[in-house]
Each structure stands twice: as structure tokens, then as C-alpha cells.
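Structure file protein.json with JSON, C-alpha atoms:
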[["chain", "number", "residue", "atom", "x", "y", "z"],
["A", 1, "GLN", "CA", 0.00, 0.00, 0.00],
["A", 2, "VAL", "CA", 1.27, 3.46, -0.93],
["A", 3, "HIS", "CA", 0.90, 6.37, 1.46],
["A", 4, "LEU", "CA", 1.83, 9.97, 0.62],
["A", 5, "GLU", "CA", 2.58, 12.70, 3.13],
["A", 6, "GLU", "CA", 2.94, 16.37, 2.19],
["A", 7, "SER", "CA", 4.72, 19.11, 4.10],
["A", 8, "GLY", "CA", 6.06, 22.61, 3.55],
["A", 9, "GLY", "CA", 2.94, 24.66, 3.08],
["A", 10, "GLY", "CA", 2.50, 28.03, 4.72],
["A", 11, "SER", "CA", 1.77, 31.71, 4.23],
["A", 12, "VAL", "CA", 3.91, 34.01, 2.10],
["A", 13, "GLN", "CA", 3.59, 37.39, 0.45],
["A", 14, "HIS", "CA", 3.15, 38.01, -3.26],
["A", 15, "GLY", "CA", 6.48, 37.30, -4.97],
["A", 16, "GLY", "CA", 7.69, 34.97, -2.25],
["A", 17, "SER", "CA", 8.79, 31.35, -2.43],
["A", 18, "LEU", "CA", 7.88, 28.06, -0.82],
["A", 19, "ARG", "CA", 9.09, 24.49, -1.17],
["A", 20, "LEU", "CA", 6.65, 21.62, -0.79],
["A", 21, "SER", "CA", 7.77, 18.09, -0.01],
["A", 22, "CYS", "CA", 6.02, 14.75, -0.44],
["A", 23, "VAL", "CA", 7.33, 11.52, 0.99],
["A", 24, "ARG", "CA", 6.14, 8.15, -0.33],
["A", 25, "LEU", "CA", 5.71, 5.30, 2.12],
["A", 26, "GLY", "CA", 5.30, 1.90, 0.48],
["A", 27, "ASN", "CA", 6.81, 0.53, -2.71],
["A", 28, "ILE", "CA", 6.07, 1.01, -6.38],
["A", 29, "TYR", "CA", 7.37, -1.65, -8.77],
["A", 30, "SER", "CA", 6.06, -0.26, -12.04],
["A", 31, "TYR", "CA", 6.41, 2.83, -14.16],
["A", 32, "TYR", "CA", 4.54, 5.73, -12.60],
["A", 33, "SER", "CA", 3.95, 9.45, -12.64],
["A", 34, "ALA", "CA", 3.63, 11.54, -9.49],
["A", 35, "GLY", "CA", 3.29, 15.15, -8.62],
["A", 36, "TRP", "CA", 1.23, 18.02, -7.36],
["A", 37, "PHE", "CA", -2.34, 19.18, -7.67],
["A", 38, "ARG", "CA", -4.14, 22.09, -6.06],
["A", 39, "GLN", "CA", -7.65, 23.12, -5.21],
["A", 40, "ALA", "CA", -8.77, 26.60, -4.26],
["A", 41, "PRO", "CA", -12.07, 27.20, -2.44],
["A", 42, "GLY", "CA", -14.99, 26.98, -4.85],
["A", 43, "LYS", "CA", -12.79, 25.81, -7.71],
["A", 44, "GLU", "CA", -12.09, 22.49, -9.36],
["A", 45, "ARG", "CA", -8.91, 20.65, -8.52],
["A", 46, "GLU", "CA", -6.18, 21.18, -11.12],
["A", 47, "GLY", "CA", -2.90, 19.52, -11.98],
["A", 48, "VAL", "CA", 0.18, 21.64, -11.27],
["A", 49, "ALA", "CA", 3.31, 19.60, -12.00],
["A", 50, "ILE", "CA", 4.13, 15.96, -12.66],
["A", 51, "ILE", "CA", 7.35, 13.93, -12.81],
["A", 52, "ASP", "CA", 7.63, 10.31, -13.93],
["A", 53, "SER", "CA", 9.95, 7.39, -13.18],
["A", 54, "PHE", "CA", 12.40, 8.69, -15.82],
["A", 55, "ALA", "CA", 12.27, 12.28, -14.51],
["A", 56, "VAL", "CA", 10.20, 13.51, -17.43],
["A", 57, "THR", "CA", 8.13, 16.47, -16.26],
["A", 58, "ASN", "CA", 4.91, 18.19, -17.23],
["A", 59, "TYR", "CA", 3.56, 21.50, -15.96],
["A", 60, "ALA", "CA", 0.34, 23.44, -16.04],
["A", 61, "ASP", "CA", 0.70, 26.56, -18.18],
["A", 62, "SER", "CA", -0.14, 28.76, -15.19],
["A", 63, "VAL", "CA", 3.01, 27.72, -13.31],
["A", 64, "LYS", "CA", 5.56, 27.25, -16.08],
["A", 65, "GLY", "CA", 8.71, 29.24, -15.39],
["A", 66, "ARG", "CA", 7.77, 29.74, -11.73],
["A", 67, "PHE", "CA", 7.42, 26.23, -10.28],
["A", 68, "THR", "CA", 9.91, 23.36, -10.51],
["A", 69, "ILE", "CA", 9.16, 19.73, -9.65],
["A", 70, "SER", "CA", 11.97, 17.37, -8.70],
["A", 71, "ARG", "CA", 12.62, 14.13, -6.85],
["A", 72, "ASP", "CA", 15.51, 12.54, -5.04],
["A", 73, "ASN", "CA", 17.47, 9.51, -6.23],
["A", 74, "SER", "CA", 15.48, 7.16, -4.02],
["A", 75, "GLN", "CA", 12.32, 8.40, -5.76],
["A", 76, "ARG", "CA", 10.63, 8.43, -2.38],
["A", 77, "ASN", "CA", 10.62, 12.21, -2.07],
["A", 78, "ILE", "CA", 9.07, 14.65, -4.51],
["A", 79, "TYR", "CA", 9.51, 18.39, -4.22],
["A", 80, "LEU", "CA", 7.78, 21.43, -5.63],
["A", 81, "GLU", "CA", 9.83, 24.61, -5.62],
["A", 82, "MET", "CA", 7.44, 27.54, -6.00],
["A", 83, "ASN", "CA", 8.82, 30.98, -6.85],
["A", 84, "SER", "CA", 7.23, 34.31, -7.74],
["A", 85, "LEU", "CA", 4.08, 33.23, -5.93],
["A", 86, "LYS", "CA", 0.85, 35.04, -6.68],
["A", 87, "PRO", "CA", -2.38, 35.33, -4.66],
["A", 88, "GLU", "CA", -4.05, 33.10, -7.27],
["A", 89, "ASP", "CA", -1.66, 30.31, -6.25],
["A", 90, "THR", "CA", -3.47, 30.13, -2.91],
["A", 91, "ALA", "CA", -4.92, 26.63, -2.55],
["A", 92, "MET", "CA", -4.67, 23.30, -0.82],
["A", 93, "TYR", "CA", -1.83, 21.43, -2.53],
["A", 94, "TYR", "CA", -2.01, 17.65, -2.85],
["A", 95, "CYS", "CA", 0.63, 15.11, -3.72],
["A", 96, "ALA", "CA", -0.53, 12.19, -5.88],
["A", 97, "LEU", "CA", 0.95, 9.15, -7.59],
["A", 98, "PHE", "CA", -0.42, 7.22, -10.58],
["A", 99, "PRO", "CA", 0.96, 3.82, -11.53],
["A", 100, "SER", "CA", 1.37, 3.15, -15.25],
["A", 101, "MET", "CA", 0.40, 6.65, -16.30],
["A", 102, "THR", "CA", 2.36, 9.22, -18.33],
["A", 103, "PRO", "CA", 2.93, 12.77, -17.08],
["A", 104, "GLN", "CA", 0.51, 14.07, -19.69],
["A", 105, "GLN", "CA", -2.21, 11.68, -18.52],
["A", 106, "ALA", "CA", -1.47, 12.24, -14.83],
["A", 107, "LEU", "CA", -1.76, 16.03, -15.02],
["A", 108, "LEU", "CA", -5.41, 15.58, -16.04],
["A", 109, "GLN", "CA", -6.30, 13.30, -13.11],
["A", 110, "ILE", "CA", -8.23, 15.64, -10.83],
["A", 111, "SER", "CA", -10.40, 13.05, -9.11],
["A", 112, "SER", "CA", -9.27, 11.19, -5.99],
["A", 113, "GLY", "CA", -10.82, 8.06, -7.50],
["A", 114, "SER", "CA", -7.62, 7.11, -9.31],
["A", 115, "GLY", "CA", -4.10, 6.74, -7.98],
["A", 116, "TYR", "CA", -2.84, 7.52, -4.51],
["A", 117, "TRP", "CA", -3.35, 10.90, -2.81],
["A", 118, "GLY", "CA", -2.00, 12.68, 0.23],
["A", 119, "GLN", "CA", -4.07, 14.75, 2.66],
["A", 120, "GLY", "CA", -2.84, 18.09, 1.38],
["A", 121, "THR", "CA", -0.91, 21.10, 2.64],
["A", 122, "GLN", "CA", -2.22, 24.66, 2.56],
["A", 123, "VAL", "CA", -0.46, 27.42, 0.65],
["A", 124, "THR", "CA", -1.63, 31.00, 1.16],
["A", 125, "VAL", "CA", -0.21, 33.92, -0.79],
["A", 126, "SER", "CA", -1.16, 37.40, 0.35],
["A", 127, "SER", "CA", -1.12, 40.48, -1.84]]

Written as C-alpha cells, how would this file's structure read?
Amino acid sequence: QVHLEESGGGSVQHGGSLRLSCVRLGNIYSYYSAGWFRQAPGKEREGVAIIDSFAVTNYADSVKGRFTISRDNSQRNIYLEMNSLKPEDTAMYYCALFPSMTPQQALLQISSGSGYWGQGTQVTVSS
């Protein structure tokens, strides 16, 4: 069984930076894609950034050039470096992992019905 735990959320001012971390407990023996999603109050969940087993990445257009997803060599930890944060980046950020799915497919997975999901960490950006 795979369990994901996020950390690193918090409150920052417009233009600030935060780094989110996600640790994976449990083993994955197949190709997978994993990454970050977010959901703001009253809005649909959206994919933010994905990285796969081969370190191929995929980003939402709204965060390209500002956010960077990475993982460590053990592939148990995934990070999201967020720079130039804007108030519209305010949301609950979730870590998720999808076995046998490409980064392009994974970025579109907004329902908790597929894959493995963490409980989320709040990011608040003030103007």
C-alpha cells in the first residue's frame, strides 16, 4: 500500500517562495507518474506539476517558469519549488501518484478516485 505525506505549506507574500515536499511510504514496482495538484475554495482541482519514473516532467501553463518539480534519487521524495508566488496560487496542494500513467495523462487526473493521494498542505499567498 502506498501512502503519501505532504509538508512545507504556509503563508507568504506576493512574490515569495515556498518548497513543498512529499514523501512516499510503500513501494512502487512499475512505471509511474507523481506530482502536485491544487484546489482553491470553490474551484475544481487542477494539476500543477508531474514527474515520472524517468524524470520527465509536465507542468500546467499557469506555473511554467515559476514552479519546478523534482525528486531525489530514491524516488521516495518529490519536491515542488514555487517561486514568484501570486495570490491566485493560494490553494490546498495535494501530492498524488499514478501507476502506469504518463505525465501528460497524470496532469489531467483531478479526481481522488484514481491513484494515490495525500491529505494536502495549505499554501496562502497574500497580496

Enumerate, in order of chain and increasing residue number, the residues of range 10-47 of chain A with an atom no farther than 6 Å from range 84-108 of chain A, each with its shortest atom pair and distance in Å to one decimal, counting all atoms listed in the file, as JSON lines.
{"residue": "A:His14", "atom": "CA", "partner": "A:Lys86", "partner_atom": "CA", "distance": 5.1}
{"residue": "A:Gly15", "atom": "CA", "partner": "A:Ser84", "partner_atom": "CA", "distance": 4.1}
{"residue": "A:Gly16", "atom": "CA", "partner": "A:Leu85", "partner_atom": "CA", "distance": 5.4}
{"residue": "A:Tyr31", "atom": "CA", "partner": "A:Ser100", "partner_atom": "CA", "distance": 5.2}
{"residue": "A:Tyr32", "atom": "CA", "partner": "A:Pro99", "partner_atom": "CA", "distance": 4.2}
{"residue": "A:Ser33", "atom": "CA", "partner": "A:Phe98", "partner_atom": "CA", "distance": 5.3}
{"residue": "A:Ala34", "atom": "CA", "partner": "A:Leu97", "partner_atom": "CA", "distance": 4.1}
{"residue": "A:Gly35", "atom": "CA", "partner": "A:Ala96", "partner_atom": "CA", "distance": 5.6}
{"residue": "A:Trp36", "atom": "CA", "partner": "A:Cys95", "partner_atom": "CA", "distance": 4.7}
{"residue": "A:Phe37", "atom": "CA", "partner": "A:Tyr94", "partner_atom": "CA", "distance": 5.1}
{"residue": "A:Arg38", "atom": "CA", "partner": "A:Tyr93", "partner_atom": "CA", "distance": 4.3}
{"residue": "A:Gln39", "atom": "CA", "partner": "A:Ala91", "partner_atom": "CA", "distance": 5.2}
{"residue": "A:Ala40", "atom": "CA", "partner": "A:Ala91", "partner_atom": "CA", "distance": 4.2}
{"residue": "A:Gly47", "atom": "CA", "partner": "A:Leu107", "partner_atom": "CA", "distance": 4.8}

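Restricting the calculation to all atoms listed in the file, the smallest distance between Trp117 in chain A and any of A:Ser53, A:Gln1, A:Ser17, A:Asn58 is found for A:Gln1.
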
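For the choices A:Asn77, A:Val125, A:Val63, A:Ile50, the atom-to-atom distance to Ser11 in chain A is smallest for A:Val125 when using only C-alpha atoms.
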
Record the distance separating CA of Tyr79 in chain A and CA of Thr121 in chain A, expressed in Å with one decimal.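 Taking CA of Tyr79 in chain A as the start and CA of Thr121 in chain A as the end point, the length is 12.8 Å.
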
From CA of Leu20 in chain A to CA of Ile78 in chain A the spacing works out at 8.3 Å

note - CA of Arg66 in chain A and CA of Ser114 in chain A are separated by 27.5 Å

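Minimum atom-to-atom distance to Tyr59 in chain A, evaluated using all atoms listed in the file, belongs to A:Glu46 out of A:Glu46, A:Asn27, A:Ser111, A:Ser74.
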
Nearest residue to Tyr29 in chain A out of A:Ser127, A:Val2, A:Asp72, A:Ser112, using all atoms listed in the file?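 Of A:Ser127, A:Val2, A:Asp72, A:Ser112, the one nearest Tyr29 in chain A, counting all atoms listed in the file, is A:Val2.
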
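Distances here use all atoms listed in the file; by that measure, the residue among A:Leu80, A:Thr68, A:Val12, A:Leu25 closest to Tyr116 in chain A is A:Leu25.
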